[in-house]
Amino acid sequence: MLVPAKEMLDKARAGKYAVGHFNINNLEWTKAILQTAQELKSPVILGVSEGAGKYMTGYKTIVGMVNGMLEELNITVPVALHLDHGSYEGCLKCIEAGFSSVMFDGSHYPIAENVEKTSELVKICHEKGMSIEAEVGAIGGEEDGVVGMGECADPNECKAIADLGVDFLAAGIGNIHGKYPANWPGLSFETLAAVKEKVGELPLVLHGGTGIPADQIKKAISLGVSKINVNTECQIAFAEATRKYIEEGKDLQGKGFDPRKLLAPGTEAIKATVKEKMELFGSVGKAE
Ligand SMILES: [Zn+2]
């Protein structure tokens with residue numbers, strides 16, 4: 001059964017580890033992440049961007065697929081199905097479709113409008129027993145065509161949004177989506193500490209987990225980050241393994257063109273990436 005992400009993240013914050021949020025794109029992605037979480041006894045969050053939602057033909061399809069897998073694969077670890085960077089309308093659709101968690105990304109609105117829309121959605125989500133993430137300070141890089149510059153969030157704005165009752169908060173601390181440029185200065189731990197000071201025990205979220213050095217990830221977790229979003233890294237791992245299979249001519253041998261064979265190396269590569277992240281984040285064994 002899907003669960004909201006609040007409880008698993010409160011536990012993670014108290015236990016000084018983080019839960020991985022892995023974006024899904026199709027059946028292979030979802031299966032690979034769920035099987036790895038179960039094998040490692042780790043809680044997990046499946047993230048769906050609005051673009052991926054459209055790609056998979058809609059939120060109801062995703063809810064059906066995920067719920068089916070939880071049952072058919074005997075998944076017993078806590079799993080949250082979470083809308084990633086949702087618009088106001090997207091959040092309402094996911095609430096209706098049966099997601100267990102949403103992120104409302106109002107970071108591009110003026111703070112007053114972000115506050116108003118976030119507080120409406122907090123009320124709706126909590127009535128339904130769902131969890132909700134909000135964002136302050138746009139996260140850099142590109143996500144579904146939206147490009148941000150990698151701001152550092154204003155700690156007072158974080159406090160204003162936290163006080164609305166959101167369950168966890170994404171604050172920009174110099175992190176960006178996608179690959180990090182060579183001249184990236186690193187995470188702003190100063191900002192993270194200032195935000196933590198203002199929001200207290202609220203679990204914090206680190207977006208753009210691909211390519212942040214392990215020591216910075218660990219330091220961020222020690223300063224209150226309890227959810228880390230990973231997307232690009234699984235995509236790169238999948239593409240590399242698939243390219244290798246084709247370059248080696250395996251699709252031309254026997255029934256190597258069978259999609260179940262063709263997509264298998266990529267699926268295994270996602271599993272390996274998810275395992276590596278769960279070990280780094282410290283969530284292995286936390287669902288026992
Ligand atoms: Zn993000």
# chains A, B, ... in the order shown; residues from 1 in each chain; ligands from 1
$ select_by_dssp --residues "region 127-205 of chain A" --states "strand (DSSP E)" --output "MDAnalysis selection string"
chainID A and resid 131:136 141:143 146:148 168:171 204:205
$ residues_near_ligand --ligand "ligand 1" --cutoff "8 Å" --atoms "only C-alpha atoms and all ligand atoms" --output "list in words"
Asp84, His85, Ile139, Glu143, Ile176, His177, Leu206, His207, Gly208 and Asn229 of chain A
$ residues_around --residues "Gly266 (chain A)" --least-positions-apart "2" --cutoff "12 Å" --atoms "only C-alpha atoms" --output "PyMOL selection string"
chain A and resi 28-29+31-32+234-246+259-264+268-273
$ write_last_selection --atoms "N, CA and C atoms" --output "PDB file, in the first residue's frame"
ATOM      1  N   GLU A  28       9.889  -0.370 -16.501  1.00  0.00           N
ATOM      2  CA  GLU A  28      11.217  -0.873 -16.118  1.00  0.00           C
ATOM      3  C   GLU A  28      11.789  -0.065 -14.958  1.00  0.00           C
ATOM      4  N   TRP A  29      11.657   1.261 -15.058  1.00  0.00           N
ATOM      5  CA  TRP A  29      12.169   2.158 -14.015  1.00  0.00           C
ATOM      6  C   TRP A  29      11.515   1.826 -12.673  1.00  0.00           C
ATOM      7  N   LYS A  31       9.827  -0.854 -11.687  1.00  0.00           N
ATOM      8  CA  LYS A  31      10.165  -2.198 -11.204  1.00  0.00           C
ATOM      9  C   LYS A  31      11.561  -2.217 -10.595  1.00  0.00           C
ATOM     10  N   ALA A  32      12.525  -1.611 -11.274  1.00  0.00           N
ATOM     11  CA  ALA A  32      13.918  -1.623 -10.801  1.00  0.00           C
ATOM     12  C   ALA A  32      14.032  -0.941  -9.438  1.00  0.00           C
ATOM     13  N   CYS A 234      20.051   7.995 -12.996  1.00  0.00           N
ATOM     14  CA  CYS A 234      19.429   6.750 -13.466  1.00  0.00           C
ATOM     15  C   CYS A 234      19.276   6.778 -14.988  1.00  0.00           C
ATOM     16  N   GLN A 235      18.980   7.964 -15.526  1.00  0.00           N
ATOM     17  CA  GLN A 235      18.818   8.085 -16.976  1.00  0.00           C
ATOM     18  C   GLN A 235      20.134   7.801 -17.695  1.00  0.00           C
ATOM     19  N   ILE A 236      21.215   8.341 -17.154  1.00  0.00           N
ATOM     20  CA  ILE A 236      22.525   8.132 -17.775  1.00  0.00           C
ATOM     21  C   ILE A 236      22.919   6.654 -17.691  1.00  0.00           C
ATOM     22  N   ALA A 237      22.699   6.047 -16.525  1.00  0.00           N
ATOM     23  CA  ALA A 237      23.047   4.627 -16.332  1.00  0.00           C
ATOM     24  C   ALA A 237      22.255   3.751 -17.308  1.00  0.00           C
ATOM     25  N   PHE A 238      20.975   4.049 -17.456  1.00  0.00           N
ATOM     26  CA  PHE A 238      20.108   3.280 -18.360  1.00  0.00           C
ATOM     27  C   PHE A 238      20.598   3.423 -19.802  1.00  0.00           C
ATOM     28  N   ALA A 239      20.880   4.656 -20.213  1.00  0.00           N
ATOM     29  CA  ALA A 239      21.298   4.913 -21.598  1.00  0.00           C
ATOM     30  C   ALA A 239      22.647   4.244 -21.897  1.00  0.00           C
ATOM     31  N   GLU A 240      23.566   4.327 -20.969  1.00  0.00           N
ATOM     32  CA  GLU A 240      24.897   3.720 -21.177  1.00  0.00           C
ATOM     33  C   GLU A 240      24.800   2.210 -21.363  1.00  0.00           C
ATOM     34  N   ALA A 241      24.023   1.570 -20.491  1.00  0.00           N
ATOM     35  CA  ALA A 241      23.903   0.107 -20.566  1.00  0.00           C
ATOM     36  C   ALA A 241      23.192  -0.323 -21.849  1.00  0.00           C
ATOM     37  N   THR A 242      22.202   0.452 -22.260  1.00  0.00           N
ATOM     38  CA  THR A 242      21.454   0.121 -23.478  1.00  0.00           C
ATOM     39  C   THR A 242      22.346   0.313 -24.709  1.00  0.00           C
ATOM     40  N   ARG A 243      23.106   1.409 -24.705  1.00  0.00           N
ATOM     41  CA  ARG A 243      24.020   1.663 -25.831  1.00  0.00           C
ATOM     42  C   ARG A 243      25.051   0.541 -25.951  1.00  0.00           C
ATOM     43  N   LYS A 244      25.583   0.087 -24.820  1.00  0.00           N
ATOM     44  CA  LYS A 244      26.592  -0.967 -24.821  1.00  0.00           C
ATOM     45  C   LYS A 244      26.005  -2.249 -25.444  1.00  0.00           C
ATOM     46  N   TYR A 245      24.787  -2.585 -25.058  1.00  0.00           N
ATOM     47  CA  TYR A 245      24.114  -3.787 -25.564  1.00  0.00           C
ATOM     48  C   TYR A 245      24.002  -3.731 -27.093  1.00  0.00           C
ATOM     49  N   ILE A 246      23.622  -2.563 -27.600  1.00  0.00           N
ATOM     50  CA  ILE A 246      23.439  -2.415 -29.048  1.00  0.00           C
ATOM     51  C   ILE A 246      24.786  -2.345 -29.762  1.00  0.00           C
ATOM     52  N   PRO A 259      12.173  -6.868 -26.637  1.00  0.00           N
ATOM     53  CA  PRO A 259      12.310  -5.735 -25.689  1.00  0.00           C
ATOM     54  C   PRO A 259      12.632  -6.180 -24.270  1.00  0.00           C
ATOM     55  N   ARG A 260      12.185  -7.373 -23.915  1.00  0.00           N
ATOM     56  CA  ARG A 260      12.470  -7.835 -22.549  1.00  0.00           C
ATOM     57  C   ARG A 260      13.964  -8.096 -22.365  1.00  0.00           C
ATOM     58  N   LYS A 261      14.639  -8.421 -23.505  1.00  0.00           N
ATOM     59  CA  LYS A 261      16.099  -8.602 -23.449  1.00  0.00           C
ATOM     60  C   LYS A 261      16.817  -7.264 -23.655  1.00  0.00           C
ATOM     61  N   LEU A 262      16.311  -6.518 -24.622  1.00  0.00           N
ATOM     62  CA  LEU A 262      16.925  -5.232 -24.983  1.00  0.00           C
ATOM     63  C   LEU A 262      16.957  -4.252 -23.808  1.00  0.00           C
ATOM     64  N   LEU A 263      15.890  -4.249 -23.010  1.00  0.00           N
ATOM     65  CA  LEU A 263      15.798  -3.277 -21.904  1.00  0.00           C
ATOM     66  C   LEU A 263      16.358  -3.812 -20.586  1.00  0.00           C
ATOM     67  N   ALA A 264      16.754  -5.110 -20.584  1.00  0.00           N
ATOM     68  CA  ALA A 264      17.225  -5.708 -19.325  1.00  0.00           C
ATOM     69  C   ALA A 264      18.519  -5.075 -18.799  1.00  0.00           C
ATOM     70  N   GLU A 268      18.921  -3.275 -15.116  1.00  0.00           N
ATOM     71  CA  GLU A 268      19.916  -3.671 -14.099  1.00  0.00           C
ATOM     72  C   GLU A 268      20.784  -2.477 -13.712  1.00  0.00           C
ATOM     73  N   ALA A 269      21.090  -1.620 -14.675  1.00  0.00           N
ATOM     74  CA  ALA A 269      21.925  -0.445 -14.392  1.00  0.00           C
ATOM     75  C   ALA A 269      21.205   0.537 -13.463  1.00  0.00           C
ATOM     76  N   ILE A 270      19.891   0.658 -13.633  1.00  0.00           N
ATOM     77  CA  ILE A 270      19.117   1.514 -12.715  1.00  0.00           C
ATOM     78  C   ILE A 270      19.184   0.931 -11.309  1.00  0.00           C
ATOM     79  N   LYS A 271      19.029  -0.400 -11.219  1.00  0.00           N
ATOM     80  CA  LYS A 271      19.094  -1.046  -9.898  1.00  0.00           C
ATOM     81  C   LYS A 271      20.421  -0.749  -9.209  1.00  0.00           C
ATOM     82  N   ALA A 272      21.505  -0.845  -9.969  1.00  0.00           N
ATOM     83  CA  ALA A 272      22.830  -0.612  -9.381  1.00  0.00           C
ATOM     84  C   ALA A 272      22.964   0.837  -8.903  1.00  0.00           C
ATOM     85  N   THR A 273      22.427   1.776  -9.691  1.00  0.00           N
ATOM     86  CA  THR A 273      22.497   3.195  -9.300  1.00  0.00           C
ATOM     87  C   THR A 273      21.671   3.448  -8.037  1.00  0.00           C
TER      88      THR A 273
END
$ residues_around --residues "Ile228 (chain A)" --least-positions-apart "3" --cutoff "9 Å" --atoms "only C-alpha atoms" --output "list in words"
Ala18, Val19, Gly20, His21, Phe22, Leu204, Val205, Leu206, His207, Gly208, Gly209, Ile217, Val225 and Phe281 of chain A
$ closest_residue --among "A:Tyr17, A:Tyr109, A:Phe189, A:Tyr88" --to "Ile124 (chain A)" --atoms "only C-alpha atoms"
A:Tyr88
$ atom_distance --atom1 "CA of Thr57 (chain A)" --atom2 "CA of Asp167 (chain A)"
28.4 Å
$ residues_around --residues "region 61-66 of chain A" --least-positions-apart "4" --cutoff "8 Å" --atoms "only C-alpha atoms" --output "list in words"
Leu27, Thr30, Gly53, Met56, Thr57, Leu70, Leu81, Ala97, Gly98 and Phe99 of chain A
$ closest_residue --among "A:Thr210, A:Ser131, A:Thr118, A:Asn175" --to "Leu192 (chain A)" --atoms "only C-alpha atoms"
A:Asn175
$ closest_residue --among "A:Ser101, A:Val166, A:Gly68, A:Lys93" --to "Val115 (chain A)" --atoms "only C-alpha atoms"
A:Val166
$ closest_residue --among "A:Glu71, A:Glu276, A:Glu151, A:Glu116" --to "Glu233 (chain A)" --atoms "only C-alpha atoms"
A:Glu276
$ residues_around --residues "Gly172 (chain A)" --least-positions-apart "5" --cutoff "7 Å" --atoms "only C-alpha atoms" --output "list of chain:residue names"
A:Val136, A:Gly137, A:Ala138, A:Ile139, A:Gly150, A:Glu151, A:Cys152, A:Ala153
$ atom_distance --atom1 "CA of Met130 (chain A)" --atom2 "CA of Pro4 (chain A)"
5.2 Å
